[in-house]
file my_file_2.cif (mmCIF, C-alpha atoms)
data_entry
#
loop_
_atom_site.label_atom_id
_atom_site.label_comp_id
_atom_site.auth_asym_id
_atom_site.auth_seq_id
_atom_site.Cartn_x
_atom_site.Cartn_y
_atom_site.Cartn_z
CA MET A 384 10.07 30.13 28.94
CA ASP A 385 7.08 27.97 28.03
CA TRP A 386 8.32 25.86 25.12
CA MET A 387 4.78 24.68 24.35
CA LYS A 388 3.99 28.15 23.00
CA ILE A 389 6.43 27.73 20.11
CA SER A 390 5.77 24.05 19.34
CA LEU A 391 3.26 22.51 16.96
CA PHE A 392 -0.14 21.31 18.15
CA ASP A 393 -0.42 17.76 19.45
CA SER A 394 -1.50 15.56 16.57
CA ALA A 395 -5.03 14.20 16.38
CA SER A 396 -4.71 12.49 12.99
CA PRO A 397 -2.15 10.38 11.12
CA MET A 398 -1.59 13.22 8.66
CA MET A 399 -0.65 15.65 11.42
CA GLU A 400 1.76 13.06 12.83
CA GLN A 401 3.48 12.88 9.44
CA LEU A 402 3.60 16.67 9.19
CA ILE A 403 5.25 16.92 12.61
CA LEU A 404 7.79 14.25 11.63
CA PHE A 405 8.56 16.08 8.40
CA HIS A 406 8.96 19.36 10.32
CA ASP A 407 11.45 17.78 12.73
CA TYR A 408 13.26 16.07 9.85
CA SER A 409 13.60 19.35 7.91
CA MET A 410 14.70 21.29 10.99
CA MET A 411 17.41 18.71 11.69
CA ILE A 412 18.83 19.23 8.19
CA ILE A 413 18.58 23.02 8.42
CA VAL A 414 20.27 23.16 11.84
CA THR A 415 23.06 20.89 10.56
CA ILE A 416 23.66 23.13 7.55
CA LEU A 417 23.61 26.26 9.71
CA SER A 418 26.12 24.73 12.13
CA LEU A 419 28.51 23.69 9.35
CA VAL A 420 28.33 27.04 7.58
CA SER A 421 28.90 28.89 10.87
CA PHE A 422 31.87 26.65 11.67
CA PHE A 423 33.55 27.25 8.30
CA MET A 424 32.89 31.00 8.47
CA ILE A 425 34.56 31.21 11.89
CA LYS A 426 37.51 29.14 10.66
CA MET A 427 37.93 31.40 7.61
CA ILE A 428 37.77 34.57 9.72
CA LYS A 429 40.41 33.24 12.11
CA ALA A 430 42.67 31.79 9.38
CA LEU A 431 45.90 33.68 8.71
CA TYR A 432 46.63 31.99 5.40
CA PHE A 433 46.04 34.11 2.30
CA SER A 434 47.09 33.69 -1.33
CA ASN A 435 46.14 35.93 -4.25
CA LYS A 436 47.31 33.29 -6.75
CA ILE A 437 44.34 30.96 -6.19
CA LEU A 438 41.91 31.93 -8.94
CA GLU A 439 39.69 28.86 -9.27
CA ASN A 440 39.09 25.32 -8.13
CA GLN A 441 36.65 23.47 -10.33
CA MET A 442 36.39 20.47 -8.02
CA ILE A 443 35.33 22.61 -5.04
CA GLU A 444 32.83 24.47 -7.24
CA PHE A 445 31.40 21.17 -8.44
CA ILE A 446 31.10 19.86 -4.87
CA TRP A 447 29.39 22.96 -3.46
CA THR A 448 26.92 22.84 -6.34
CA LEU A 449 26.24 19.09 -6.02
CA ILE A 450 25.75 18.96 -2.24
CA PRO A 451 22.88 21.55 -2.12
CA THR A 452 21.17 19.71 -4.98
CA ILE A 453 21.30 16.46 -3.01
CA VAL A 454 20.09 18.15 0.18
CA LEU A 455 17.14 19.79 -1.63
CA SER A 456 16.20 16.43 -3.14
CA ILE A 457 16.29 14.79 0.29
CA ILE A 458 13.85 17.45 1.55
CA ALA A 459 11.66 17.61 -1.58
CA ILE A 460 10.90 13.88 -1.94
CA PRO A 461 9.11 13.41 1.44
CA SER A 462 7.49 16.82 1.02
CA LEU A 463 5.91 15.84 -2.31
CA HIS A 464 4.91 12.49 -0.82
CA LEU A 465 3.00 14.30 1.94
CA LEU A 466 1.33 16.66 -0.53
CA TYR A 467 -0.05 13.73 -2.51
CA LEU A 468 -1.18 11.96 0.66
CA MET A 469 -3.12 15.05 1.77
CA ASP A 470 -5.05 15.05 -1.52
CA GLU A 471 -5.80 11.32 -1.41
CA LEU A 472 -9.37 10.25 -0.61
CA ASN A 473 -9.57 6.58 0.35
CA LEU A 474 -13.20 5.40 0.42
CA PRO A 475 -14.70 7.96 2.83
CA ILE A 476 -17.67 6.75 4.87
CA LEU A 477 -18.91 10.25 5.68
CA THR A 478 -19.07 13.53 3.75
CA ILE A 479 -19.45 16.92 5.40
CA LYS A 480 -20.07 20.05 3.36
CA ILE A 481 -18.77 23.27 4.91
CA LEU A 482 -19.91 26.70 3.71
CA GLY A 483 -18.21 29.91 4.73
CA HIS A 484 -20.21 33.09 5.30
CA GLN A 485 -19.44 36.56 6.61
CA TRP A 486 -18.87 35.67 9.40
CA TYR A 487 -19.94 32.17 10.41
CA TRP A 488 -19.84 28.59 9.15
CA SER A 489 -22.62 26.33 7.88
CA TYR A 490 -22.41 22.52 7.95
CA GLU A 491 -24.33 19.92 5.95
CA TYR A 492 -24.13 16.16 6.51
CA ASN A 493 -25.03 15.09 2.99
CA ASP A 494 -25.16 11.37 3.82
CA PHE A 495 -28.18 12.01 6.04
CA SER A 496 -31.36 13.95 5.40
CA SER A 497 -32.18 17.24 7.14
CA ILE A 498 -28.90 17.61 9.05
CA GLU A 499 -27.86 21.19 8.51
CA PHE A 500 -26.84 23.84 11.03
CA ASP A 501 -24.98 27.11 11.40
CA SER A 502 -22.10 27.67 13.78
CA TYR A 503 -21.63 31.09 15.38
CA MET A 504 -19.05 32.26 17.87
CA LEU A 505 -20.23 32.56 21.46
CA PRO A 506 -19.77 36.15 22.71
CA SER A 507 -18.58 35.00 26.14
CA SER A 508 -17.02 31.61 26.84
CA THR A 509 -14.22 29.80 28.65
CA PHE A 510 -12.04 29.85 25.52
CA ARG A 511 -12.24 33.41 24.25
CA LEU A 512 -12.95 33.74 20.50
CA LEU A 513 -12.89 29.94 20.08
CA GLU A 514 -16.19 28.54 21.40
CA VAL A 515 -19.23 28.17 19.15
CA ASP A 516 -22.91 27.53 19.75
CA ASN A 517 -22.98 24.44 17.49
CA SER A 518 -19.83 22.36 17.32
CA THR A 519 -19.23 19.80 14.56
CA PRO A 520 -19.46 16.16 15.75
CA VAL A 521 -17.42 13.59 13.81
CA PRO A 522 -16.85 9.88 14.53
CA LEU A 523 -13.58 8.58 15.87
CA ASN A 524 -11.28 6.46 13.64
CA CYS A 525 -13.35 7.01 10.49
CA GLN A 526 -12.26 8.21 7.07
CA MET A 527 -14.17 11.36 6.14
CA ARG A 528 -14.36 13.72 3.20
CA LEU A 529 -14.67 17.44 3.86
CA VAL A 530 -16.01 19.63 1.05
CA THR A 531 -15.77 23.40 1.33
CA SER A 532 -17.12 26.38 -0.53
CA SER A 533 -18.12 29.97 0.23
CA ASN A 534 -21.20 32.12 -0.28
CA ASP A 535 -19.38 35.45 -0.38
CA VAL A 536 -15.60 35.89 -0.06
CA LEU A 537 -12.56 33.67 0.48
CA HIS A 538 -12.46 31.80 3.78
CA SER A 539 -10.20 29.04 5.07
CA TRP A 540 -11.39 26.14 7.26
CA THR A 541 -8.50 25.21 9.53
CA ILE A 542 -7.96 22.69 12.34
CA PRO A 543 -4.25 22.71 13.25
CA SER A 544 -4.41 19.52 15.36
CA MET A 545 -5.76 17.62 12.35
CA GLY A 546 -3.23 19.11 9.94
CA ILE A 547 -6.09 20.57 7.88
CA LYS A 548 -6.20 23.96 6.17
CA MET A 549 -8.65 24.14 3.29
CA ASP A 550 -9.71 27.24 1.37
CA ALA A 551 -13.42 27.97 0.93
CA THR A 552 -13.69 29.65 -2.47
CA PRO A 553 -16.90 31.11 -3.97
CA GLY A 554 -18.11 29.04 -6.92
CA ARG A 555 -15.65 26.24 -6.27
CA LEU A 556 -15.69 23.00 -4.26
CA ASN A 557 -12.47 22.00 -2.53
CA GLN A 558 -12.13 18.68 -0.73
CA ILE A 559 -9.76 17.06 1.72
CA SER A 560 -9.75 13.90 3.80
CA MET A 561 -9.77 13.68 7.59
CA PHE A 562 -9.13 10.68 9.84
CA PRO A 563 -9.28 11.64 13.53
CA ASN A 564 -7.55 9.08 15.75
CA ARG A 565 -7.99 10.83 19.09
CA SER A 566 -11.25 11.83 20.73
CA GLY A 567 -11.74 15.29 22.16
CA LYS A 568 -12.65 18.86 21.24
CA PHE A 569 -10.40 20.55 18.69
CA PHE A 570 -10.38 24.24 17.85
CA GLY A 571 -9.54 26.26 14.79
CA GLN A 572 -10.26 29.60 13.14
CA CYS A 573 -10.71 31.02 9.66
CA SER A 574 -7.19 31.45 8.30
CA GLU A 575 -8.06 33.78 5.43
CA ILE A 576 -8.44 37.53 5.92
CA CYS A 577 -12.11 37.65 4.94
CA GLY A 578 -13.29 40.99 6.30
CA ALA A 579 -13.97 43.03 9.41
CA ASN A 580 -15.02 40.07 11.58
CA HIS A 581 -12.42 37.67 10.23
CA SER A 582 -11.17 36.85 13.73
CA PHE A 583 -14.69 35.90 14.87
CA MET A 584 -15.13 32.74 12.78
CA PRO A 585 -14.02 29.96 15.13
CA ILE A 586 -14.27 26.25 14.32
CA VAL A 587 -14.91 23.51 16.87
CA VAL A 588 -14.80 19.81 15.98
CA ASP A 589 -15.98 17.22 18.50
CA VAL A 590 -14.41 13.82 17.85
CA ILE A 591 -16.61 11.23 19.55
CA PRO A 592 -16.93 7.40 19.47
CA MET A 593 -19.14 5.96 16.76
CA GLN A 594 -22.00 4.99 19.10
CA PHE A 595 -22.31 8.56 20.37
CA PHE A 596 -22.17 9.89 16.83
CA ILE A 597 -25.02 7.57 15.81
CA SER A 598 -27.03 8.75 18.82
CA TRP A 599 -26.47 12.36 17.74
CA ILE A 600 -27.64 11.52 14.20
CA LYS A 601 -30.84 10.00 15.57
CA THR A 602 -31.75 13.24 17.33
CA PHE A 603 -32.45 14.79 13.91
CA ASN A 604 -34.98 12.11 12.93
#
call {"tool": "encode", "arguments": {"input": "my_file_2.cif", "output": "structure tokens"}}
result
Amino acid sequence: MDWMKISLFDSASPMMEQLILFHDYSMMIIVTILSLVSFFMIKMIKALYFSNKILENQMIEFIWTLIPTIVLSIIAIPSLHLLYLMDELNLPILTIKILGHQWYWSYEYNDFSSIEFDSYMLPSSTFRLLEVDNSTPVPLNCQMRLVTSSNDVLHSWTIPSMGIKMDATPGRLNQISMFPNRSGKFFGQCSEICGANHSFMPIVVDVIPMQFFISWIKTFN
């Protein structure tokens, strides 16, 4: 069995690294609870002792109410911490506006003039249903702000390797931060059921060093 098929994507941002750590942390707690509950169930099934005179035990009831509360708190605190981190925008040096359409994406680099383009899926490519004619270049190791909206219906701009999933809602601007720390080409797809061609809205982000990004910007001037 190929275990990579059931694992998370390799991280390409600090946020995705934290999400993977939180996933492993939560799974460790869940597996521990499942093992303990299974152990006690087997012991109870095999036990021969029985007494119909035991009606209550307030201490046991208090303990099995207190322990789940503590466990849930241990899981909830880092979860809330991550949620707040994902919404934090720390002095972005680049803003990219992303518009969802039926069924393609439009990109605008608002910090520069006249940099706008559409991104359509290529009908035939090496990576089926994932390649696009115009990928989205972004600089490596730079804090960015992504702003999304939609011109028609609900869409969702998603890059699993970056730990990003952001809804594109008509009449509303949503924003999220992105800090890629690994160069390469990263794929995603619209994660909202937006119509007949929902599965034909791929996303490709090219993370490149700053000097190559500047060279790409100059091609528009």
call {"tool": "resolve_selection", "arguments": {"input": "my_file_2.cif", "expression": "the PyMOL selection byres ((chain A and resi 391-396) around 12)", "output": "PyMOL selection string"}}
result
chain A and resi 386-390+397-407+469+523-527+542-547+560-571+588-590
call {"tool": "closest_residue", "arguments": {"input": "my_file_2.cif", "among": "A:Met593, A:Leu419, A:Ile460, A:Ile586", "to": "Val515 (chain A)", "atoms": "only C-alpha atoms"}}
result
A:Ile586
call {"tool": "residues_around", "arguments": {"input": "my_file_2.cif", "residues": "region 551-558 of chain A", "least_positions_apart": "5", "cutoff": "6 Å", "atoms": "only C-alpha atoms", "output": "list in words"}}
result
Leu529, Val530, Thr531, Ser532, Ser533, Asn534, Leu537, His538 and Ser539 of chain A
call {"tool": "write_last_selection", "arguments": {"input": "my_file_2.cif", "atoms": "C-alpha atoms", "output": "mmCIF file, keeping the file's coordinate frame"}}
result
data_model
loop_
_atom_site.group_PDB
_atom_site.id
_atom_site.type_symbol
_atom_site.label_atom_id
_atom_site.label_comp_id
_atom_site.auth_asym_id
_atom_site.auth_seq_id
_atom_site.Cartn_x
_atom_site.Cartn_y
_atom_site.Cartn_z
ATOM 1 C CA LEU A 529 -14.670 17.440 3.860
ATOM 2 C CA VAL A 530 -16.010 19.630 1.050
ATOM 3 C CA THR A 531 -15.770 23.400 1.330
ATOM 4 C CA SER A 532 -17.120 26.380 -0.530
ATOM 5 C CA SER A 533 -18.120 29.970 0.230
ATOM 6 C CA ASN A 534 -21.200 32.120 -0.280
ATOM 7 C CA LEU A 537 -12.560 33.670 0.480
ATOM 8 C CA HIS A 538 -12.460 31.800 3.780
ATOM 9 C CA SER A 539 -10.200 29.040 5.070
#
call {"tool": "residues_around", "arguments": {"input": "my_file_2.cif", "residues": "Met504 (chain A)", "least_positions_apart": "4", "cutoff": "9 Å", "atoms": "all atoms listed in the file", "output": "list in words"}}
result
Tyr487, Leu512, Leu513, Glu514, Val515, Asp516, Asn517, Phe583, Met584, Pro585 and Ile586 of chain A
call {"tool": "closest_residue", "arguments": {"input": "my_file_2.cif", "among": "A:Val454, A:Asp470, A:Pro461, A:Ala579", "to": "Met549 (chain A)", "atoms": "all atoms listed in the file"}}
result
A:Asp470
